[in-house]
Structure formats: C-alpha cells, structure tokens
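*Asks:* I have a structure I would like to understand better, so I am pasting it below and will then ask my questions one at a time.
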Protein chains: 2
Amino acid sequence: MTEPRWLDEDEQRAWRAFLAASRLLFDRLERELQHDAGMPHAYYEILVRLSEAPDRRLRMSELADKSLSSRSRVSHAARRLEEAGWLRREECETDRRGAWAVLTDAGYAVLQAAAPGHVEGVRTHLFDQLSAEQVAQLRQISEAVVAHLEPLD
Amino acid sequence: MTEPRWLDEDEQRAWRAFLAASRLLFDRLERELQHDAGMPHAYYEILVRLSEAPDRRLRMSELADKSLSSRSRVSHAARRLEEAGWLRREECETDRRGAWAVLTDAGYAVLQAAAPGHVEGVRTHLFDQLSAEQVAQLRQISEAVVAHLEPLD
DNA sequence: GGAACAAAGTTGAGTGCTCAACTGTTCCCT
DNA sequence: AGGGAACAGTTGAGCACTCAACTTTGTTCC
C-alpha cells in the first residue's frame, strides 16, 4: 500500500459535519416515515419509483437500479410489499426469467397518504435550513459524487 | 394538518441528488470497511470515539452521544465488540448504574490498521471530487442541518 | 445445434438496527 | 427519611439488509 493521504483540518471538520448531518437527517426521516406511514424509507422509495413509471410497473432490475438498491434488497422488499398488498408481481411475457413489479391501487393510495408528511419533513429538516444558494451548492456537490460513484461499482 | 408545502423543481432535483450521493457514498464506504476491516462503519466510529477519549474510555451514554447512536445501539454493539476483544466494559465506581467502555490494545491496533484504508476511501469518493470551495460549502450546509436537528429530537 | 457463459431473480443464513419493556440506581422534594 | 420521578444501561423480539449460493432462461460463438 502507498503512503496514506490523510485529511487536513478542513476536510476533517467537513467530513464529520457531513457524517453527523446525514445520520441525523436520515435517521429522523426514517423514524418519521416509520411512525406516520408504517414503512421504512427504502420501501417508500420503491413505491415512488413505481408510481412514476409507465403503467406503474417496472422490471425488478430497473426498480433496483432506480432505487439504488441491490437486486436482493428489492426482492426481499417486494415480498413484504406484496404481503401488504401494495405491490403485485407479474411474470414477464418476453423474458421468462424476468418479473414485473406493479404498484397496486392500495399501494398508490398509501403513497399518496404518506407523501405530504414526508415532504414536510424534508422541508423542515433540510431546505428550511438552507439558502437558495446552498441548495444549488448541495446539488452540485451531490452530482459530483454521484458522477464518480454511479458508473463504477 | 395544514396545506402541504411541496418542493419546487430545484429542491426536488437537489433532494434526489443528495439522496443518491449519500446512499452511494455510505453504501460504498460501508462495504469497503466491512471487506477490509471486517466491521461496519458504526463499529468503526465507536472505536474512533474511544481512541480519542482520555484513557481511551467513555461512559456508555457519552459514547452513544458522540457517535450519534441510541443507547440501545451502542449497547448491542458493545457486546459484539467485547466478544471480538476490541472493547472491555468496566463498572463505574461513582455511579453504580453506569458502565465504562474501554478500548483494548487489540481494539486500538485494529483501528490503526483499518484507518488508512477508510480515509483513502473518503478521499477518493468524496474529497477528490470536490473543490476546496465545495468542501467549505458542504461543511456549512452540514452544520446548518446539524444545528437544527441536534438539540431537538 | 450445442456448450459455455451471462443475466434475472430468489432464497437462506447471519448480522445490525429499532422499539418497547425492563432492572437497578440516583436525584429531588417536602 | 422516604416516595416518586428521572437516569444508565440492558435485553429480546421483529425487521431489513448483506453476501453468497442457487435456479432458470437467454445469448454467444464455434
């Protein structure tokens, strides 16, 4: 291994602040969503992606890609969501290996009910604390990180 | 409930980018740490906090606060870390309810071994992608969020 | 056409987290 | 002093995630 490149003072502080902000924010939103809508954020995101797809359906792999989850994770989640009646799986005609994940009406209704509260949380805990300039900065910073991590892996 | 305050176009994009960046970054670091050092990031953070404390020891509650974890989480983690021989619990003389978490020499050694690789990951996946200005921006944004969420909760 | 390889998705074991309930101790207040 | 509230920490059940192994189907290439 080569000589380790340590973090300087500023980076150290930035990293710790970012770590703290992320943990606090996501833990908070997770808890609110769990409390108000009875589902973890990962499930919420799956429902959102499905609701935005044509015919409210996506192949399992697309769903995994769009929600930045592993196939395994989505597969486990789909089982749970199916039990709850919010999602239905259908076999794919054109590729017999494949499966469609379809958002049910009940799933759509649950999402509609959960969304305002969740959005309110995001507003309150994030955007209300930032200036318009900072929102733009956060976006650019995030996009740089995504651009680096997305293609790889 | 009052009228929901939705996110505008810019906020929507910023939020999704931030979500994606955070998930990708933390998942990646988590996986690297698990692979290279055989521990999740939460455990790494516990070891870090202990290593920085006087005599490498902290009361369980302080440890929970500093690592932004619930007492329960730290308690479960401590059991695991104790099994691994990286941490030892001692009873507190001045408060018989309390317990000290003490970093063992083995724990310190493991942390020393894990740190360079982890820091390298943070560099590569985060700071190498950002300008010095963006690092400063990220810090300010994060501190604003922490300031809002820290006291409450 | 058939063999090797890749892709889609599922499954089970293991692990860490949350939540609520619990024990034991200390603090506070009159 | 004594009773009640608050605090420190642990525990167990339930759930979500990871990793690796697996089945089934599609693709490629000779």
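Scheme for the structure tokens: letters A, B, ... for chains in order shown; per-chain residue numbers from 1; ligand numbers from 1 in order shown.
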Once chain B is superposed on chain A with a least-squares fit on all C-alpha pairs taken in order, can you show it as a PDB file with C-alpha atoms, in the first residue's frame?

*Replies:*
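The file below, superposed17.pdb, is the result:
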ATOM      1  CA  MET B   1      -0.226   0.011  -0.192  1.00  0.00           C
ATOM      2  CA  THR B   2       1.038   3.527  -0.880  1.00  0.00           C
ATOM      3  CA  GLU B   3       1.521   6.274   1.665  1.00  0.00           C
ATOM      4  CA  PRO B   4      -1.846   7.134   3.198  1.00  0.00           C
ATOM      5  CA  ARG B   5      -3.260  10.520   2.240  1.00  0.00           C
ATOM      6  CA  TRP B   6      -4.762  11.925   5.379  1.00  0.00           C
ATOM      7  CA  LEU B   7      -7.450  14.537   5.682  1.00  0.00           C
ATOM      8  CA  ASP B   8      -6.401  18.069   6.524  1.00  0.00           C
ATOM      9  CA  GLU B   9      -8.084  20.110   9.220  1.00  0.00           C
ATOM     10  CA  ASP B  10     -10.811  21.508   6.973  1.00  0.00           C
ATOM     11  CA  GLU B  11     -11.588  18.176   5.390  1.00  0.00           C
ATOM     12  CA  GLN B  12     -11.720  16.502   8.764  1.00  0.00           C
ATOM     13  CA  ARG B  13     -14.263  19.008  10.014  1.00  0.00           C
ATOM     14  CA  ALA B  14     -16.262  18.886   6.826  1.00  0.00           C
ATOM     15  CA  TRP B  15     -16.352  15.112   6.931  1.00  0.00           C
ATOM     16  CA  ARG B  16     -17.518  14.925  10.522  1.00  0.00           C
ATOM     17  CA  ALA B  17     -20.153  17.574   9.939  1.00  0.00           C
ATOM     18  CA  PHE B  18     -21.405  15.793   6.844  1.00  0.00           C
ATOM     19  CA  LEU B  19     -21.485  12.476   8.663  1.00  0.00           C
ATOM     20  CA  ALA B  20     -23.430  13.965  11.539  1.00  0.00           C
ATOM     21  CA  ALA B  21     -25.864  15.802   9.292  1.00  0.00           C
ATOM     22  CA  SER B  22     -26.559  12.741   7.191  1.00  0.00           C
ATOM     23  CA  ARG B  23     -27.053  10.434  10.127  1.00  0.00           C
ATOM     24  CA  LEU B  24     -29.301  12.861  11.969  1.00  0.00           C
ATOM     25  CA  LEU B  25     -31.329  13.729   8.893  1.00  0.00           C
ATOM     26  CA  PHE B  26     -31.853  10.227   7.558  1.00  0.00           C
ATOM     27  CA  ASP B  27     -32.475   8.727  10.971  1.00  0.00           C
ATOM     28  CA  ARG B  28     -35.055  11.396  11.592  1.00  0.00           C
ATOM     29  CA  LEU B  29     -36.838  10.959   8.280  1.00  0.00           C
ATOM     30  CA  GLU B  30     -36.717   7.211   8.683  1.00  0.00           C
ATOM     31  CA  ARG B  31     -38.342   7.425  12.061  1.00  0.00           C
ATOM     32  CA  GLU B  32     -41.003   9.856  10.915  1.00  0.00           C
ATOM     33  CA  LEU B  33     -41.892   7.714   7.942  1.00  0.00           C
ATOM     34  CA  GLN B  34     -41.977   4.553  10.014  1.00  0.00           C
ATOM     35  CA  HIS B  35     -44.189   6.242  12.557  1.00  0.00           C
ATOM     36  CA  ASP B  36     -46.565   8.023  10.182  1.00  0.00           C
ATOM     37  CA  ALA B  37     -46.770   5.602   7.301  1.00  0.00           C
ATOM     38  CA  GLY B  38     -45.578   2.327   8.779  1.00  0.00           C
ATOM     39  CA  MET B  39     -42.837   1.760   6.263  1.00  0.00           C
ATOM     40  CA  PRO B  40     -39.089   2.300   6.021  1.00  0.00           C
ATOM     41  CA  HIS B  41     -37.719   4.858   3.611  1.00  0.00           C
ATOM     42  CA  ALA B  42     -36.441   2.181   1.248  1.00  0.00           C
ATOM     43  CA  TYR B  43     -39.980   0.931   0.751  1.00  0.00           C
ATOM     44  CA  TYR B  44     -41.262   4.449   0.256  1.00  0.00           C
ATOM     45  CA  GLU B  45     -38.708   4.970  -2.461  1.00  0.00           C
ATOM     46  CA  ILE B  46     -39.735   1.792  -4.226  1.00  0.00           C
ATOM     47  CA  LEU B  47     -43.335   2.938  -4.232  1.00  0.00           C
ATOM     48  CA  VAL B  48     -42.305   6.349  -5.555  1.00  0.00           C
ATOM     49  CA  ARG B  49     -40.339   4.869  -8.444  1.00  0.00           C
ATOM     50  CA  LEU B  50     -43.188   2.592  -9.388  1.00  0.00           C
ATOM     51  CA  SER B  51     -45.713   5.411  -9.212  1.00  0.00           C
ATOM     52  CA  GLU B  52     -43.633   7.398 -11.709  1.00  0.00           C
ATOM     53  CA  ALA B  53     -43.225   4.550 -14.168  1.00  0.00           C
ATOM     54  CA  PRO B  54     -45.496   3.955 -17.170  1.00  0.00           C
ATOM     55  CA  ASP B  55     -48.461   1.847 -16.068  1.00  0.00           C
ATOM     56  CA  ARG B  56     -46.961   2.008 -12.600  1.00  0.00           C
ATOM     57  CA  ARG B  57     -44.832  -1.016 -13.346  1.00  0.00           C
ATOM     58  CA  LEU B  58     -41.143  -1.762 -13.669  1.00  0.00           C
ATOM     59  CA  ARG B  59     -38.985  -4.792 -14.182  1.00  0.00           C
ATOM     60  CA  MET B  60     -37.342  -5.823 -10.940  1.00  0.00           C
ATOM     61  CA  SER B  61     -33.899  -4.874 -12.209  1.00  0.00           C
ATOM     62  CA  GLU B  62     -34.957  -1.428 -13.334  1.00  0.00           C
ATOM     63  CA  LEU B  63     -36.579  -0.940  -9.977  1.00  0.00           C
ATOM     64  CA  ALA B  64     -33.351  -1.927  -8.265  1.00  0.00           C
ATOM     65  CA  ASP B  65     -31.316   0.441 -10.425  1.00  0.00           C
ATOM     66  CA  LYS B  66     -33.658   3.380  -9.982  1.00  0.00           C
ATOM     67  CA  SER B  67     -33.866   2.975  -6.253  1.00  0.00           C
ATOM     68  CA  LEU B  68     -30.111   2.431  -5.973  1.00  0.00           C
ATOM     69  CA  SER B  69     -30.656  -0.901  -4.284  1.00  0.00           C
ATOM     70  CA  SER B  70     -29.267  -4.347  -4.806  1.00  0.00           C
ATOM     71  CA  ARG B  71     -31.477  -6.856  -6.557  1.00  0.00           C
ATOM     72  CA  SER B  72     -31.548  -8.850  -3.385  1.00  0.00           C
ATOM     73  CA  ARG B  73     -32.814  -5.925  -1.378  1.00  0.00           C
ATOM     74  CA  VAL B  74     -35.576  -5.192  -3.817  1.00  0.00           C
ATOM     75  CA  SER B  75     -36.513  -8.831  -3.969  1.00  0.00           C
ATOM     76  CA  HIS B  76     -36.874  -9.064  -0.213  1.00  0.00           C
ATOM     77  CA  ALA B  77     -38.723  -5.772  -0.115  1.00  0.00           C
ATOM     78  CA  ALA B  78     -41.082  -6.860  -2.886  1.00  0.00           C
ATOM     79  CA  ARG B  79     -42.089  -9.894  -0.877  1.00  0.00           C
ATOM     80  CA  ARG B  80     -42.993  -7.679   2.066  1.00  0.00           C
ATOM     81  CA  LEU B  81     -44.777  -5.133  -0.071  1.00  0.00           C
ATOM     82  CA  GLU B  82     -46.703  -7.912  -1.748  1.00  0.00           C
ATOM     83  CA  GLU B  83     -47.790  -9.239   1.639  1.00  0.00           C
ATOM     84  CA  ALA B  84     -49.007  -5.762   2.478  1.00  0.00           C
ATOM     85  CA  GLY B  85     -50.963  -5.696  -0.787  1.00  0.00           C
ATOM     86  CA  TRP B  86     -49.136  -2.611  -2.056  1.00  0.00           C
ATOM     87  CA  LEU B  87     -47.319  -4.359  -4.849  1.00  0.00           C
ATOM     88  CA  ARG B  88     -47.993  -7.259  -7.136  1.00  0.00           C
ATOM     89  CA  ARG B  89     -45.543  -9.285  -9.182  1.00  0.00           C
ATOM     90  CA  GLU B  90     -46.368 -10.466 -12.658  1.00  0.00           C
ATOM     91  CA  GLU B  91     -44.341 -12.690 -14.870  1.00  0.00           C
ATOM     92  CA  CYS B  92     -42.805 -11.169 -17.974  1.00  0.00           C
ATOM     93  CA  GLU B  93     -44.038 -12.387 -21.347  1.00  0.00           C
ATOM     94  CA  THR B  94     -40.995 -11.485 -23.402  1.00  0.00           C
ATOM     95  CA  ASP B  95     -38.361 -12.741 -20.972  1.00  0.00           C
ATOM     96  CA  ARG B  96     -39.315 -15.714 -18.928  1.00  0.00           C
ATOM     97  CA  ARG B  97     -36.564 -15.041 -16.416  1.00  0.00           C
ATOM     98  CA  GLY B  98     -38.002 -11.659 -15.635  1.00  0.00           C
ATOM     99  CA  ALA B  99     -40.723 -10.274 -13.424  1.00  0.00           C
ATOM    100  CA  TRP B 100     -42.708  -7.071 -13.323  1.00  0.00           C
ATOM    101  CA  ALA B 101     -43.286  -5.209 -10.116  1.00  0.00           C
ATOM    102  CA  VAL B 102     -46.663  -3.481 -10.309  1.00  0.00           C
ATOM    103  CA  LEU B 103     -47.942  -0.858  -7.905  1.00  0.00           C
ATOM    104  CA  THR B 104     -51.458  -1.746  -6.763  1.00  0.00           C
ATOM    105  CA  ASP B 105     -54.203   0.790  -6.152  1.00  0.00           C
ATOM    106  CA  ALA B 106     -53.790   0.198  -2.442  1.00  0.00           C
ATOM    107  CA  GLY B 107     -50.072   0.877  -2.803  1.00  0.00           C
ATOM    108  CA  TYR B 108     -50.757   4.071  -4.693  1.00  0.00           C
ATOM    109  CA  ALA B 109     -53.218   5.194  -2.044  1.00  0.00           C
ATOM    110  CA  VAL B 110     -50.735   4.512   0.742  1.00  0.00           C
ATOM    111  CA  LEU B 111     -48.101   6.488  -1.089  1.00  0.00           C
ATOM    112  CA  GLN B 112     -50.472   9.412  -1.617  1.00  0.00           C
ATOM    113  CA  ALA B 113     -51.200   9.389   2.077  1.00  0.00           C
ATOM    114  CA  ALA B 114     -47.557   9.189   3.121  1.00  0.00           C
ATOM    115  CA  ALA B 115     -46.089  11.730   0.727  1.00  0.00           C
ATOM    116  CA  PRO B 116     -47.200  15.057   2.231  1.00  0.00           C
ATOM    117  CA  GLY B 117     -45.866  14.227   5.669  1.00  0.00           C
ATOM    118  CA  HIS B 118     -42.582  13.012   4.306  1.00  0.00           C
ATOM    119  CA  VAL B 119     -42.113  16.025   2.066  1.00  0.00           C
ATOM    120  CA  GLU B 120     -42.902  18.246   5.007  1.00  0.00           C
ATOM    121  CA  GLY B 121     -40.118  16.536   6.928  1.00  0.00           C
ATOM    122  CA  VAL B 122     -37.644  17.063   4.110  1.00  0.00           C
ATOM    123  CA  ARG B 123     -38.624  20.726   3.972  1.00  0.00           C
ATOM    124  CA  THR B 124     -38.427  21.293   7.676  1.00  0.00           C
ATOM    125  CA  HIS B 125     -35.215  19.439   8.385  1.00  0.00           C
ATOM    126  CA  LEU B 126     -33.320  20.299   5.246  1.00  0.00           C
ATOM    127  CA  PHE B 127     -34.499  23.033   2.906  1.00  0.00           C
ATOM    128  CA  ASP B 128     -35.800  25.405   5.548  1.00  0.00           C
ATOM    129  CA  GLN B 129     -32.280  25.427   6.972  1.00  0.00           C
ATOM    130  CA  LEU B 130     -30.599  26.335   3.687  1.00  0.00           C
ATOM    131  CA  SER B 131     -30.428  29.394   1.441  1.00  0.00           C
ATOM    132  CA  ALA B 132     -31.291  29.069  -2.244  1.00  0.00           C
ATOM    133  CA  GLU B 133     -27.602  29.304  -2.953  1.00  0.00           C
ATOM    134  CA  GLN B 134     -26.828  26.450  -0.617  1.00  0.00           C
ATOM    135  CA  VAL B 135     -29.494  24.311  -2.254  1.00  0.00           C
ATOM    136  CA  ALA B 136     -27.726  24.823  -5.566  1.00  0.00           C
ATOM    137  CA  GLN B 137     -24.373  24.054  -3.975  1.00  0.00           C
ATOM    138  CA  LEU B 138     -25.678  20.904  -2.365  1.00  0.00           C
ATOM    139  CA  ARG B 139     -26.973  19.735  -5.674  1.00  0.00           C
ATOM    140  CA  GLN B 140     -23.669  20.305  -7.450  1.00  0.00           C
ATOM    141  CA  ILE B 141     -21.684  18.638  -4.715  1.00  0.00           C
ATOM    142  CA  SER B 142     -24.027  15.668  -4.768  1.00  0.00           C
ATOM    143  CA  GLU B 143     -23.930  15.366  -8.524  1.00  0.00           C
ATOM    144  CA  ALA B 144     -20.150  15.313  -8.468  1.00  0.00           C
ATOM    145  CA  VAL B 145     -20.161  12.456  -5.996  1.00  0.00           C
ATOM    146  CA  VAL B 146     -22.805  10.561  -7.932  1.00  0.00           C
ATOM    147  CA  ALA B 147     -20.908  11.019 -11.180  1.00  0.00           C
ATOM    148  CA  HIS B 148     -17.897   9.409  -9.579  1.00  0.00           C
ATOM    149  CA  LEU B 149     -19.674   6.523  -7.871  1.00  0.00           C
ATOM    150  CA  GLU B 150     -22.513   5.754 -10.248  1.00  0.00           C
ATOM    151  CA  PRO B 151     -20.656   4.254 -13.204  1.00  0.00           C
ATOM    152  CA  LEU B 152     -18.134   2.323 -11.134  1.00  0.00           C
ATOM    153  CA  ASP B 153     -19.217  -0.128  -8.471  1.00  0.00           C
TER     154      ASP B 153
END

*Asks:* Once DSSP has gone over the backbone, tell me which residues of chain B are in strand (DSSP E), as a VMD selection string.

*Replies:* chain B and resid 57 to 59 87 to 91 99 to 103

*Asks:* Based on the selection just made, write N, CA and C atoms of those residues as a compact mmCIF listing (two decimals), in the first residue's frame.

*Replies:*
# COMPACT_ATOMS: atom_id res chain seq x y z
N ARG B 57 -11.36 5.72 27.16
CA ARG B 57 -12.56 5.19 27.80
C ARG B 57 -13.64 6.26 27.87
N LEU B 58 -14.88 5.81 27.75
CA LEU B 58 -16.03 6.70 27.84
C LEU B 58 -17.17 5.97 28.53
N ARG B 59 -18.00 6.77 29.19
CA ARG B 59 -19.23 6.18 29.72
C ARG B 59 -20.10 5.80 28.53
N LEU B 87 -13.04 -4.26 22.87
CA LEU B 87 -13.61 -3.35 23.86
C LEU B 87 -13.86 -4.13 25.13
N ARG B 88 -13.76 -3.40 26.24
CA ARG B 88 -14.00 -4.05 27.52
C ARG B 88 -14.91 -3.13 28.32
N ARG B 89 -15.83 -3.70 29.07
CA ARG B 89 -16.69 -2.86 29.89
C ARG B 89 -16.28 -2.98 31.35
N GLU B 90 -16.24 -1.83 32.01
CA GLU B 90 -15.91 -1.83 33.43
C GLU B 90 -17.00 -1.12 34.17
N GLU B 91 -17.25 -1.56 35.38
CA GLU B 91 -18.30 -0.87 36.13
C GLU B 91 -17.77 0.46 36.66
N ALA B 99 -21.56 2.38 33.34
CA ALA B 99 -20.51 1.47 32.86
C ALA B 99 -19.56 2.25 31.97
N TRP B 100 -18.29 1.89 32.04
CA TRP B 100 -17.29 2.44 31.16
C TRP B 100 -17.10 1.52 29.97
N ALA B 101 -16.94 2.11 28.82
CA ALA B 101 -16.50 1.33 27.66
C ALA B 101 -15.03 1.68 27.47
N VAL B 102 -14.18 0.67 27.45
CA VAL B 102 -12.74 0.90 27.35
C VAL B 102 -12.19 0.22 26.11
N LEU B 103 -11.45 0.98 25.32
CA LEU B 103 -10.83 0.42 24.12
C LEU B 103 -9.63 -0.43 24.54

*Asks:* Sorted by chain and rising residue number, list the residues of chain C at most 10 Å from chain B (counting only C-alpha atoms (C1' of nucleotides)), each with its closest atom pair and distance in Å to one decimal, as CSV.

*Replies:*
residue,atom,partner,partner_atom,distance
C:DG16,C1',B:Ala77,CA,8.3
C:DC17,C1',B:Arg73,CA,7.0
C:DT18,C1',B:Arg73,CA,8.5
C:DC19,C1',B:Ser72,CA,9.6
C:DG24,C1',B:Arg97,CA,6.8
C:DT25,C1',B:Arg97,CA,5.3
C:DT26,C1',B:Asp95,CA,8.0

*Asks:* Given the selection you just returned, output its residues as a file containing N, CA and C atoms (P, O5', C5', C4', C3', O3' and C1' of nucleotides), formatted as a compact mmCIF listing (two decimals), in the first residue's frame.

*Replies:*
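Generated output (again-v7.txt):
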# COMPACT_ATOMS: atom_id res chain seq x y z
P DG C 16 -22.77 -7.37 13.29
O5' DG C 16 -23.71 -6.10 13.26
C5' DG C 16 -23.82 -5.37 12.05
C4' DG C 16 -25.07 -4.53 12.10
C3' DG C 16 -25.23 -3.71 13.38
O3' DG C 16 -25.57 -2.40 12.97
C1' DG C 16 -27.17 -4.99 12.99
P DC C 17 -25.69 -1.22 14.00
O5' DC C 17 -27.23 -0.89 14.00
C5' DC C 17 -27.85 -0.41 12.79
C4' DC C 17 -29.34 -0.48 12.97
C3' DC C 17 -29.82 0.24 14.22
O3' DC C 17 -30.50 1.44 13.90
C1' DC C 17 -30.83 -1.93 13.96
P DT C 18 -31.08 2.35 15.12
O5' DT C 18 -32.58 1.84 15.24
C5' DT C 18 -33.41 1.71 14.10
C4' DT C 18 -34.81 1.27 14.54
C3' DT C 18 -35.34 2.08 15.72
O3' DT C 18 -36.70 2.41 15.48
C1' DT C 18 -35.27 -0.24 16.27
P DC C 19 -37.35 3.61 16.35
O5' DC C 19 -38.52 2.90 17.16
C5' DC C 19 -39.12 1.70 16.66
C4' DC C 19 -39.66 0.90 17.83
C3' DC C 19 -40.03 1.70 19.08
O3' DC C 19 -41.39 1.46 19.40
C1' DC C 19 -38.66 -0.16 19.66
P DG C 24 -32.89 -6.05 39.71
O5' DG C 24 -31.97 -4.77 39.92
C5' DG C 24 -30.77 -4.67 39.16
C4' DG C 24 -30.29 -3.24 39.23
C3' DG C 24 -30.20 -2.66 40.65
O3' DG C 24 -28.88 -2.20 40.82
C1' DG C 24 -31.30 -1.16 39.19
P DT C 25 -28.41 -1.57 42.25
O5' DT C 25 -28.46 0.00 41.97
C5' DT C 25 -27.55 0.51 41.01
C4' DT C 25 -27.83 1.98 40.83
C3' DT C 25 -27.64 2.82 42.09
O3' DT C 25 -26.60 3.74 41.81
C1' DT C 25 -29.62 3.42 40.92
P DT C 26 -25.96 4.64 42.97
O5' DT C 26 -26.68 6.03 42.67
C5' DT C 26 -26.52 6.63 41.38
C4' DT C 26 -27.51 7.76 41.23
C3' DT C 26 -27.42 8.83 42.32
O3' DT C 26 -27.29 10.07 41.65
C1' DT C 26 -29.65 8.21 41.92

*Asks:* Could I get the residues of chain D with an atom no further than 9 Å from an atom of chain B, each paired with its nearest atom pair and that distance in Å to one decimal, using only C-alpha atoms (C1' of nucleotides), sorted by chain and residue number, as JSON lines?

*Replies:*
{"residue": "D:DC7", "atom": "C1'", "partner": "B:Arg97", "partner_atom": "CA", "distance": 8.7}
{"residue": "D:DA8", "atom": "C1'", "partner": "B:Arg97", "partner_atom": "CA", "distance": 5.3}
{"residue": "D:DG9", "atom": "C1'", "partner": "B:Gly98", "partner_atom": "CA", "distance": 6.9}
{"residue": "D:DT10", "atom": "C1'", "partner": "B:Ser75", "partner_atom": "CA", "distance": 7.1}

*Asks:* Quick one: residues within 12 Å of DG14 of chain C, only C-alpha atoms (C1' of nucleotides), excluding same-chain residues fewer than 5 positions away - as a ChimeraX atom specification?

*Replies:* /D:17-20

*Asks:* Hey, what does DSSP flag as helix (DSSP H, G or I) within chain B? Can you give it to me as an MDAnalysis selection string?

*Replies:* chainID B and resid 9:37 41:52 54:56 60:66 71:83 105:125 127:129 132:149

*Asks:* Work out how far atom C1' of DA4 of chain C is from atom C1' of DT24 of chain D, in Å to one decimal.

*Replies:* 15.7 Å

*Asks:* Atom C1' of DT11 of chain C and atom C1' of DT28 of chain D are how many Å apart?

*Replies:*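 That distance, rounded to one decimal, is 28.8 Å.
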